[in-house]
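The next block holds one structure in the form of C-alpha cells; read it before the comments.
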Amino acid sequence: MARDESAQGLLKESARRSHSSDRGDNAAFDSDSDLDATDYIDREAVRPPTRRSPTASFEPNTKGRKRWCSCLFTTLGRRSKCCIGVLAAIGILWVLLAATGVFVYKKAQEEPPYGQSPPWYPTPKGGIAASWADSYVKASRMVSKMTLAEKVNVTTGTGWQMGLAVGTTAPAIYVGFPQLQLQDGPLGIRFADNITAFPAGITVGATWNRQLMYARGKAHAIEAREKGINVLLGPCVGPLGRMPAGGRNWEGFGADPYLQGIAGAATVRGIQSEGIMATIKHFVANEQEHFRQPWEWGLPHAISANIDDRTLHELYAWPFGDAVKAGVASVMCSYNQVNNSYACANSKLLNGILKDELGFQGFVMSDWLAQHSGVGTALAGLDMTMPGDGLGWADGKSLWGPELSRAVLNGSVPLERLNDMVTRIVAAWYQLGQDDEKKFPRKQPNFSSWTDEEKGVLAPGSPTEQEQVVVNQFVNVQANHSVIAREVAAEGTVLLKNEDLLPISRQGLNDGKLRARRDIVERATGKRSEGKFKVGIFGEDAGPGDGPNACKDRGCNQGTLGSGWGSGAVEFPYLVSPVEALRKQFDKSKVELSEFLDNKPSFGKDGSSVVDELELCIVFANADAGEGFAKWADVRGDRPNLRLQNNGDDLIVKVASSCGGGTGDVIVVIHAVGPVLVEDWIDTPNVRAVLFANLPGQESGNALAEILFGDTNPSGHLPFTIGRTLEDYGPGGKVLYLPNGVVPQQDFKEGLYIDYRHFDKYNIEPRFEFGFGLSYTTFEFDNVVVIPQRRKTRFPMRRPNPAAEPPSYSSDIPSKAEAVFPPEIRQLDKYVYPYLDNTDGIEVGQYPYPDGYDQQQPLSEAGGDEGGNPDLWANYVVVNVDVINNGPVAGAVVPQLYLQYPETDLEVDLPVRVLRGFDKVFLKPGEKKTVKFNLTRRDLSYWDVVAQNWAMMTEGPYKFSIGLSSRDLSISGAW
C-alpha cells in the first residue's frame with residue numbers, strides 16, 4: 001500500500017474509533033447517526049464563533065475551504081507554484097503524522113502504559129442519596145408524564161446561538177418544565193452587561209480564605225439569577241495545574257487537589273445557596289489546550305491523557321469528590337480523551353467513578369461539542385449534550401435530538417437510560433428550588449450573548465427569518481459585589497519579597513524612611529534630593545491600554561491584566577488600573593508622579609533625566625494565557641514558556657538599573673495567569689519588594705493600593721510553586737506543543753508528583769515554594785494538640801445500603817407518534833428539535849452493545865453516598881494549634897497543615913508531604929487564637945489499586961506539620 005493510502009487509512013481508522021468504540025469503551029453501534037468515518041474526517045476545523053462579529057476569525061472556515069478548493073483545481077498560473085508547494089508540504093506533514101500515528105497506535109495496542117479505560121455499564125441510576133430523595137420523588141412524578149419528545153428536549157441543547165444564553169435546552173411544556181439557560185463562566189456572567197468581573201479562580205485560591213470562596217460564589221449566583229440564568233458553568237477545578245504553562249490553569253484555584261477541592265466545594269455551596277445550579281468542570285485531565293479537541297490544531301482527534309488509577313484518584317478526581325460531597329448539580333465532562341477514550345464517552349469515568357464511586361446524583365453535561373457519538377455517550381453516562389449540535393458548530397445536526405428519539409424507538413438506547421438522564425436533570429432543578437416561579441420566572445434571560453443592541457432575535461444562529469424583540473434589558477445586577485471583588489483581589493495578592501520597604505506612605509515614604517533613604521543617596525552620589533518625593537510608574541500593565549474589553553473574549557494582552565481569555569472571561573463593567581488608583585491616592589502635595597506606561601527599554605527624549613531623579617519606581621509586568629480557540633502573539637492557549645510577556649523582564653532590569661541612577665528603590669508588581677520565572681531580576685539589590693497580584697478582576701488598582709499603602713496587611717499565599725527554571729517542574733510539567741501522532745498521547749508518567757510534590761521528591765529548591773507569602777507582621781505557632789477521634793483501620797466501613805430507591809418507570813417503548821414532527825410547529829433552520837419527519841422503517845432490533853455491557857459491575861466499596869463512602873468523610877483526628885501575632889500590626893494569617901505518611905514496609909510510593917488543612921484567621925498584635933484542623937479518613941488515606949479502595953496506614957505515626965508554607969513548617973505533632 002502506498003504511503004499516502006496508509007495515511008488515509010489511518011485517518012479513517014482514527015475517525016472510526018472516536019465515532020464508535022474508543023478502543024472498546026464508547027460503543028460503535030451509533031445507529032442514531034448517518035455519519036461514517038469519511039463524513040467525520042471531512043469536517044472543517046472549526047472553532048466557536050464569538051460575539052458580535054459575523055466575520056470573526058473563530059467562525060467556521062468556509063472561506064478557507066473555498067480557497068483550498070480553488071487551489072486544488074486551479075489551472076497552471078501565478079498561484080500554481082504556491083499551491084503545489086503548500087500541498088506538498090501538507091502531504092509530507094500528513095505522511096509524517098501518519099507514520100508517527102501508526103507507531104503510537106501500535107505501541108498503545110501492544111504496550112498500554114496505563115491500560116485502556118475498562119467498560120463500566122450500565123449507568124447507575126440517580127436517587128440513592130437521602131439528601132436528594134425528595135427531589136427525585138418530585139422529578140419522577142413529572143418525568144412519568146413526559147412524552148418521548150419532551151424527554152429528549154430536556155437532555156438536548158437547541159444548538160449554538162439558538163437561544164440568548166450560550167446553552168439552552170428545550171422545554172417540556174405540558175408538564176411544566178421550562179427551558180434551562182446555561183451560561184459561562186467561572187469568574188462572572190459571560191457576554192452580559194452590568195455584571196461584576198470578579199477576580200479569577202487562581203486569585204481566589206491565593207486568598208486561602210474559605211469564607212471569601214463562599215461569598216464570591218454566592219454573589220456570582222445572585223447575578224446569574226437576576227440575569228435569568230439557571231445553570232452556571234463553573235467553578236473550575238480541572239485543569240489542576242500539572243503544567244505551569246497550561247492555558248486555563250487560572251480558571252481553577254491552584255496546583256494542589258486539596259486546595260482545589262476546598263475552594264471548589266465552597267464555591268459550589270455559595271452558588272447553590274442562591275438556587276443556581278453549579279457545574280464543576282472539566283472532568284477530567286484537561287491539563288493543556290494544545291490538541292484538547294478534534295480539528296482545533298488540525299488533527300482529527302483530541303489528545304489522550306493517559307493516567308494510572310492511583311494518580312487519577314489522588315490528584316485529578318479528588319476535587320470533584322469534594323464538589324459532589326457539596327451537592328453540586330452538574331459535572332461537565334472534558335474535551336480530551338482519558339486513556340484513549342473520550343471523556344464524555346468514557347464509561348469507567350462517568351459510570352464507574354463519578355456516578356458509582358462518588359455517588360454523584362446530578363447530571364453530566366458535555367463541554368460544548370465534546371460529544372463524539374450518540375448512543376455510545378448515552379450508555380457511557382452522559383445526561384445532557386451541549387450546545388446540542390453534533391460534530392460541527394451551528395450545523396443543527398445533533399447526535400441526540402431527533403436521533404436520540406430514533407435510538408429509543410429502535411431500542412439502541414434503553415428507555416430506562418433516557419428516563420434516568422431526564423430524571424437527573426429534573427431532580428437537580430427541584431433540588432435547587434427552581435420550581436419556585438417567584439425566584440425563577442419562566443422567562444428568557446434578560447440579556448443576549450450575541451448582541452449589545454436592545455433588539456434582536458431569539459435564535460440568531462438560525463438563518464430563518466424571525467421577529468425582532470427586546471433581547472437586552474440592561475438590568476444592573478452588580479449591587480455591592482465590588483466589595484467582595486476587592487476583598488478577594490486584595491487577599492489574593494501575594495507579597496514575595498520585602499526588604500523593609502512596604503508598606504509605603506501616601507506621602508511616598510514615612511519621614512524616617514525618607515530621611516534615611518536620602519542620606520544613602522547623598523553618600524553614594526554626593527547629591528541630596530529635596531522637595532517632593534519622586535515616584536515613577538512603569539509598564540503597560542500599569543495602565544488602561546485600549547480598555548479591558550478591547551479584544552474578543554479578552555483574547556490579547558494589552559493594558560493591565562485583569563483576567564485570562566476564553567469562555568472563562570467576561571465583559572468588564574470597568575477595570576480600575578493601577579495607575580488610576582495610585583494617581584488618586586498619592587498625596588499630590590508631597591509626591592511628584594511620573595508615568596511611563598509602556599514596556600519600551602528607552603524612556604523617551606527626556607525620560608532618562610527624569611528616571612535618574614526618581615526615588616521610588618513601581619514596575620508592572622504580566623503574563624497572559626487562555627482557552628485554545630484564541631491566539632495572541634506566540635501564546636496559543638498554553639503559554640510557550642514561563643517568561644513575563646511584552647518584554648517584561650527587560651523592562652524590570654532596565655528600570656532597576658536606571659531608577660535614581662541605580663540607587664532608587666524598586667517595587668515589582670506582577671499580574672499573571674500562573675507561575676513566572678523571576679531569576680533575571682529577583683536578586684537585584686534595589687528590587688526591594690515584589691507583589692504577585694495574580695488576576696485581580698475589576699477592582700485591580702484599588703486592591704493593590706490597599707496593600708501598597710498598608711490599609712490591608714498582605715495575606716495571600718502562592719497556590720502553586722514558582723521554580724527557578726521550567727525544567728525544575730520535571731518532564732510532566734511541560735506542555736506537549738507538537739503532536740506525537742494523529743491521536744496525540746500524553747503519558748502522565750510523573751504520577752502523583754506535580755508542583756511542590758515533585759520539588760519535594762527530588763529535593764529541588766524552588767524560588768518561592770507552594771503556600772509561600774509574606775506579611776507586614778510576624779506570626780508564630782505553639783502548642784500542637786493531636787486528638788484522635790476514631791481508631792485506625794485499613795479500609796473504610798462497608799459500603800452502606802442505598803438510603804433511597806431510584807425511581808422506576810414503565811419499560812414499554814413509547815409510541816412512534818410521540819416523535820413525529822407536529823404540523824403546527826414552524827421550524828427554524830438549524831434549530832435542534834426532538835422530532836423526526838417520519839418514523840417509517842424504525843423497528844426494535846438487536847444491537848451490538850459495547851463489550852461488558854451485559855456484565856453487571858460490582859459496586860465500589862469506596863462508594864455508597866454523595867462524595868463516596870460516608871466513612872471517608874468522617875473526622876478521624878483533630879489537630880489544634882495556637883497561632884500568635886507577635887508583630888507590630890494586625891493582619892490575617894494562613895496556618896497550613898501538611899501530612900507525612902508513616903514509614904511502611906508496603907510497596908507503595910508516598911509523597912514527602914501533602915496539604916491536608918488550612919484556615920485563615922485575623923489577629924491583632926499580641927493576640928492568640930487556636931486553629932482547629934479536622935482530618936477525615938480520606939485525608940489520611942491513599943488509593944489502593946489492588947483493593948480498589950482508600951487505604952489508611954495502621955502502623956507507625958502520621959506526622960502533622962504546621963507552618964506558613966510547604967517548606968516553612970515550624971511545629972508538628974503525631975498520631
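Ligands are numbered from 1 in the order shown, chains are lettered A, B, ... in the order of the C-alpha cells, and residues start at 1 in each chain.
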| All residues 12 Å or closer to A:Gly661, only C-alpha atoms, same chain fewer than 4 positions away omitted, as a list in words | Val521, Ala524, Thr525, Lys527, Ser608, Ser609, Val610, Val611, Asp612, Glu613, Leu614, Glu615, Leu616, Cys617, Lys654, Val655, Ala656, Ser657, Asp665, Val666 and Asn686 of chain A
| message | If you run DSSP on the backbone here, which positions in stretch 711-937 of chain A get alpha helix (DSSP H)? Please write them as a list in words. | response |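 Taking stretch 711-937 of chain A and keeping alpha helix (DSSP H) gives Asp755, Tyr756, Arg757, His758, Phe759, Asp760, Lys761 and Arg937 of chain A.
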| Closest of A:Val879, A:Ala378, A:Ile425, A:Val408 to A:Asn934 - atom-to-atom distances counting only C-alpha atoms | A:Val879
| query | If you count only C-alpha atoms, which residues fall within 7 Å of stretch 576-593 of chain A, apart from same-chain ones fewer than 4 positions away, as an MDAnalysis selection string? | reply | chainID A and resid 506:508 532:536 542:544 560 698:702 705
| So what do you get for atom CA of A:Arg916 versus atom CA of A:Ala255, distance-wise? |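 Taking atom CA of A:Arg916 as the start and atom CA of A:Ala255 as the end point, the length is 13.7 Å.
Each of A:Thr930, A:Gln161, A:Gln856, A:Gln260 was checked against A:Gly201 using only C-alpha atoms; the smallest atom-to-atom distance is that of A:Gln260.
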| request: Using only C-alpha atoms, pick whichever of A:Asp837, A:Thr721, A:Leu299, A:Ala630 has the shortest atom-to-atom distance to A:Gly674. | output: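 Going through A:Asp837, A:Thr721, A:Leu299, A:Ala630 one by one, the smallest distance to A:Gly674 is for A:Thr721.
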| query | atom CA of A:Asp829 and atom CA of A:Ala370 are how many Å apart? | reply | 22.6 Å
How close does stretch 165-238 of chain A get to stretch 128-149 of chain A? List, as a Markdown table, each residue of stretch 165-238 of chain A within 9 Å, its nearest atom pair and the distance in Å to one decimal, counting only C-alpha atoms.
| residue | atom | partner | partner_atom | distance |
| --- | --- | --- | --- | --- |
| A:Ala172 | CA | A:Met146 | CA | 7.2 |
| A:Tyr174 | CA | A:Met146 | CA | 7.7 |
| A:Val175 | CA | A:Met142 | CA | 6.4 |
| A:Gly176 | CA | A:Met142 | CA | 8.4 |
| A:Phe177 | CA | A:Met142 | CA | 8.3 |
Residues from last step as file, N, CA, C and O atoms, as a compact mmCIF listing (two decimals), in the first residue's frame:
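Writing done, so here's again-v7.txt:
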# COMPACT_ATOMS: atom_id res chain seq x y z
N ALA A 172 -40.28 21.09 28.42
CA ALA A 172 -41.32 20.06 28.40
C ALA A 172 -42.60 20.78 28.83
O ALA A 172 -42.98 20.82 30.01
N TYR A 174 -45.90 20.59 28.47
CA TYR A 174 -47.16 20.06 29.01
C TYR A 174 -47.05 19.62 30.47
O TYR A 174 -48.06 19.51 31.16
N VAL A 175 -45.83 19.38 30.93
CA VAL A 175 -45.67 19.01 32.34
C VAL A 175 -45.12 20.17 33.17
O VAL A 175 -44.93 20.03 34.38
N GLY A 176 -44.84 21.29 32.52
CA GLY A 176 -44.42 22.48 33.25
C GLY A 176 -42.93 22.60 33.51
O GLY A 176 -42.52 23.35 34.41
N PHE A 177 -42.12 21.89 32.72
CA PHE A 177 -40.66 22.02 32.90
C PHE A 177 -40.14 23.03 31.88
O PHE A 177 -40.34 22.87 30.68
| said: With distances taken over only C-alpha atoms, which residue among A:Asp812, A:Asp683, A:Glu927, A:Asp193 lies nearest A:Val475? | reply: A:Asp193
| said: Applying 9 Å and only C-alpha atoms, which residues near A:Ile271 remain after dropping the ones on its own chain fewer than 4 positions away? List them as a list in words. | reply: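 Residues near the query, excluding close chain neighbours: Tyr214, Ala215, Arg216, Gly217, Lys218, Ala219, His220, Ala221, Ile222, Leu232, Ala266, Thr267, Gly275, Ile276, Met277 and Ala278 of chain A.
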Please save C-alpha atoms of the selected residues as a PDB file, in the first residue's frame.
ATOM      1  CA  TYR A 214     -18.117  31.001  49.515  1.00  0.00           C
ATOM      2  CA  ALA A 215     -19.014  34.711  49.370  1.00  0.00           C
ATOM      3  CA  ARG A 216     -17.716  35.124  45.823  1.00  0.00           C
ATOM      4  CA  GLY A 217     -19.744  32.108  44.694  1.00  0.00           C
ATOM      5  CA  LYS A 218     -22.873  33.456  46.361  1.00  0.00           C
ATOM      6  CA  ALA A 219     -22.540  36.908  44.789  1.00  0.00           C
ATOM      7  CA  HIS A 220     -21.882  35.313  41.410  1.00  0.00           C
ATOM      8  CA  ALA A 221     -25.086  33.281  41.703  1.00  0.00           C
ATOM      9  CA  ILE A 222     -27.181  36.281  42.713  1.00  0.00           C
ATOM     10  CA  LEU A 232     -23.618  28.453  35.913  1.00  0.00           C
ATOM     11  CA  ALA A 266     -17.003  26.324  48.961  1.00  0.00           C
ATOM     12  CA  THR A 267     -17.791  27.994  45.649  1.00  0.00           C
ATOM     13  CA  GLY A 275     -30.715  28.342  43.951  1.00  0.00           C
ATOM     14  CA  ILE A 276     -28.421  28.373  40.928  1.00  0.00           C
ATOM     15  CA  MET A 277     -27.103  25.047  39.671  1.00  0.00           C
ATOM     16  CA  ALA A 278     -23.314  24.949  39.772  1.00  0.00           C
TER      17      ALA A 278
END
| said: Please identify the strand (DSSP E or B) residues within stretch 428-604 of chain A (assignment by DSSP from backbone atoms) and present them as a list in words. | reply: Lys455, Gly456, Val469, Val470, Val494, Leu495, Leu496, Lys497, Asn498, Ser505, Gly508, Phe533, Lys534, Val535, Gly536, Ile537, Phe538, Trp565, Val591, Glu592, Leu593, Ser594, Glu595 and Phe596 of chain A
